[in-house]
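What follows is a short report on a single structure.
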Amino acid sequence: MTILLISHPAFLGHDPGEHHPESPDRLRAVLAALDDPEFAGLARLSAPEATMEQLTRVHPERYVETILGIRPPEGEGVMIDADTVMSSGSAEAARRAAGAVVAGVDAVVSGKASAAFAAVRPPGHHATPDVPGGFCLFNSIAIGARHAQAAHKIGRVAILDFDVHHGQGTQAVVEIDDSLFYGSTHQFPLYPGTGSARERGIDGNVVNVPLAAGSGSAEFRAAWSDRILPALDRFEPELVMISAGFDAHRRDPLAGLQVETEDFAWLTGELQAVADRHAKGRLVSVLEGGYNLAALADSVAAHVRVLMRD
């Protein structure tokens with residue numbers, strides 16, 4: 001069973017500035033954890049750049065050209081919104097982040113890998129088709145889902161999101177198309193202010209379970225076991241994709257949930273089981289948030305460790 005790790009040095013070139021939580025050190029911590037000898041069996045791939053055709057399956061061409069055209073001089077930054085900054089290396093990093101997810105889809109659908117983990121930055125799930133924000137420029141996971149459908153004729157794609165912040169950008173793509181499914185736990189109220197349980201998409205293809213600050217393992221696991229996983233089983237996805245944000249961890253500084261590393265490992269196993277039942281085991285996971293470096297490294301290691309199980 002081949003598990004594929006996809007990353008690229010260009011992701012370190014996206015530099016939103018000193019003291020910004022979405023720093024290159026996040027990826028350095030993740031890659032250092034995955035350099036441990038226990039992960040020596042991972043196949044490794046350098047992330048390609050997504051093509052214009054792939055990017056414009058989600059984002060309008062004018063939007064893509066605008067983002068790719070923002071290339072400030074070395075050492076300077078351009079504010080996209082109050083939280084989102086582009087540096088000289090951001091355009092390439094964002095393009096390769098989407099390309100990493102596309103490459104992961106290609107690998108699992110072709111059978112070259114049973115699962116893939118894209119260790120990328122910037123994250124993507126807050127980017128709507130025409131509005132960046134929340135540290136995100138291109139919605140990499142939505143681009144991967146559309147690629148699976150367009151290039152591989154996959155009918156039903158599910159995106160599961162356990163980042164502490166609701167992925168309103170992904171939901172904007174999914175909620176109008178019943179060939180897609182979106183399930184999310186997230187702290188509420190919290191940025192971006194979306195993700196009410198009342199937001200259900202077309203015929204229930206969106207399942208949001210907002211969690212109050214202070215919620216921990218019991219609430220997190222119940223949300224998935226009682227609400228999202230049964231709906232996901234009914235959807236019968238042909239490809240399972242994960243927006244793997246680890247900022248619901250109790251040590252994360254940007255939110256107030258109390259999820260443990262072991263909870264992420266448990267959920268990874270549950271989602272892997274769904275992929276085994278309905279999707280021939282095909283699963284692609286994409287790094288989103290996570291801002292305590294030690295907690296992020298531990299959580300990613302736990303996540304990938306489960307993916308590597310026979």
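Simple scheme: letters A, B, ... for chains in structure tokens order, numbers from 1 for residues in each chain, numbers from 1 for ligands in the order shown.
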
Could you pull out the helix (DSSP H, G or I) residues of stretch 47-289 of chain A from DSSP and send them as JSON, numbers by chain? {"A": [52, 53, 54, 55, 61, 62, 63, 64, 65, 66, 67, 68, 90, 91, 92, 93, 94, 95, 96, 97, 98, 99, 100, 101, 102, 103, 104, 105, 106, 107, 108, 109, 110, 140, 141, 142, 143, 144, 145, 146, 147, 148, 149, 150, 151, 152, 168, 169, 170, 171, 172, 173, 174, 217, 218, 219, 220, 221, 222, 223, 224, 225, 226, 227, 228, 229, 230, 231, 232, 233, 234, 235, 261, 262, 263, 264, 265, 266, 267, 268, 269, 270, 271, 272, 273, 274, 275, 276, 277, 278]}

Determine, counting only C-alpha atoms, which protein, DNA and RNA residues have an atom within 7 Å of an atom of stretch 267-282 of chain A; residues of the same chain fewer than 4 positions away are not included. Present the result as JSON, numbers by chain. {"A": [108, 109, 114, 115, 233, 236, 237, 238, 239, 240, 263, 303, 306]}

Please identify every residue of stretch 207-247 of chain A that has at least one atom no farther than 6 Å from an atom of stretch 163-185 of chain A, counting only C-alpha atoms, and for each give the shortest atom pair and the distance in Å to one decimal, arranged by chain then increasing number, as a tab-separated table.
residue	atom	partner	partner_atom	distance
A:Val207	CA	A:Gly183	CA	4.7
A:Asn208	CA	A:Ser184	CA	5.0
A:Val209	CA	A:Thr185	CA	4.9
A:Pro210	CA	A:Thr185	CA	5.7
A:Ile228	CA	A:Gly183	CA	6.0
A:Gly245	CA	A:Asp163	CA	3.9
A:Phe246	CA	A:Asp163	CA	5.8
A:Asp247	CA	A:Val164	CA	5.4

Would you write out those residues with N, CA and C atoms, as a tab-separated table (two decimals), in the first residue's frame?
chain	number	residue	atom	x	y	z
A	207	VAL	N	-23.22	19.36	5.54
A	207	VAL	CA	-23.53	19.06	6.94
A	207	VAL	C	-22.54	19.80	7.81
A	208	ASN	N	-23.02	20.85	8.46
A	208	ASN	CA	-22.21	21.64	9.38
A	208	ASN	C	-22.59	21.30	10.82
A	209	VAL	N	-21.58	21.07	11.65
A	209	VAL	CA	-21.82	20.87	13.07
A	209	VAL	C	-20.95	21.88	13.83
A	210	PRO	N	-21.51	23.06	14.14
A	210	PRO	CA	-20.74	24.05	14.89
A	210	PRO	C	-20.55	23.61	16.34
A	228	ILE	N	-22.14	13.69	10.85
A	228	ILE	CA	-21.47	13.80	9.55
A	228	ILE	C	-21.21	12.45	8.92
A	245	GLY	N	-7.14	20.55	8.78
A	245	GLY	CA	-6.67	21.63	9.62
A	245	GLY	C	-6.60	21.14	11.06
A	246	PHE	N	-5.51	21.43	11.75
A	246	PHE	CA	-5.30	20.89	13.09
A	246	PHE	C	-5.38	21.97	14.17
A	247	ASP	N	-6.05	23.08	13.86
A	247	ASP	CA	-6.15	24.18	14.81
A	247	ASP	C	-7.32	24.04	15.78

Considering only C-alpha atoms, state which residue in the set A:Ala302, A:Met79, A:Leu293, A:Val286 is at the smallest distance from A:Glu22. A:Leu293

Looking only at strand (DSSP E) from DSSP on the backbone, list the matching residues of stretch 10-72 of chain A as number ranges by chain. A: 43-46

Neighbouring residues of A:Ala213 were defined as those with any atom within 7 Å, considering only C-alpha atoms; residues of the same chain fewer than 5 positions away were excluded. Please report them as number ranges by chain. A: 187, 256-257

Pick out the closest residue to A:Ala82 from this set: A:Gly41, A:Pro16, A:Ser285, A:Phe188. Count only C-alpha atoms.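 Of A:Gly41, A:Pro16, A:Ser285, A:Phe188, the one nearest A:Ala82 is A:Pro16, counting only C-alpha atoms.
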
Which of these residues is nearest to A:Pro132, using only C-alpha atoms: A:Glu199, A:Glu49, A:Glu38, A:Asp83? A:Asp83
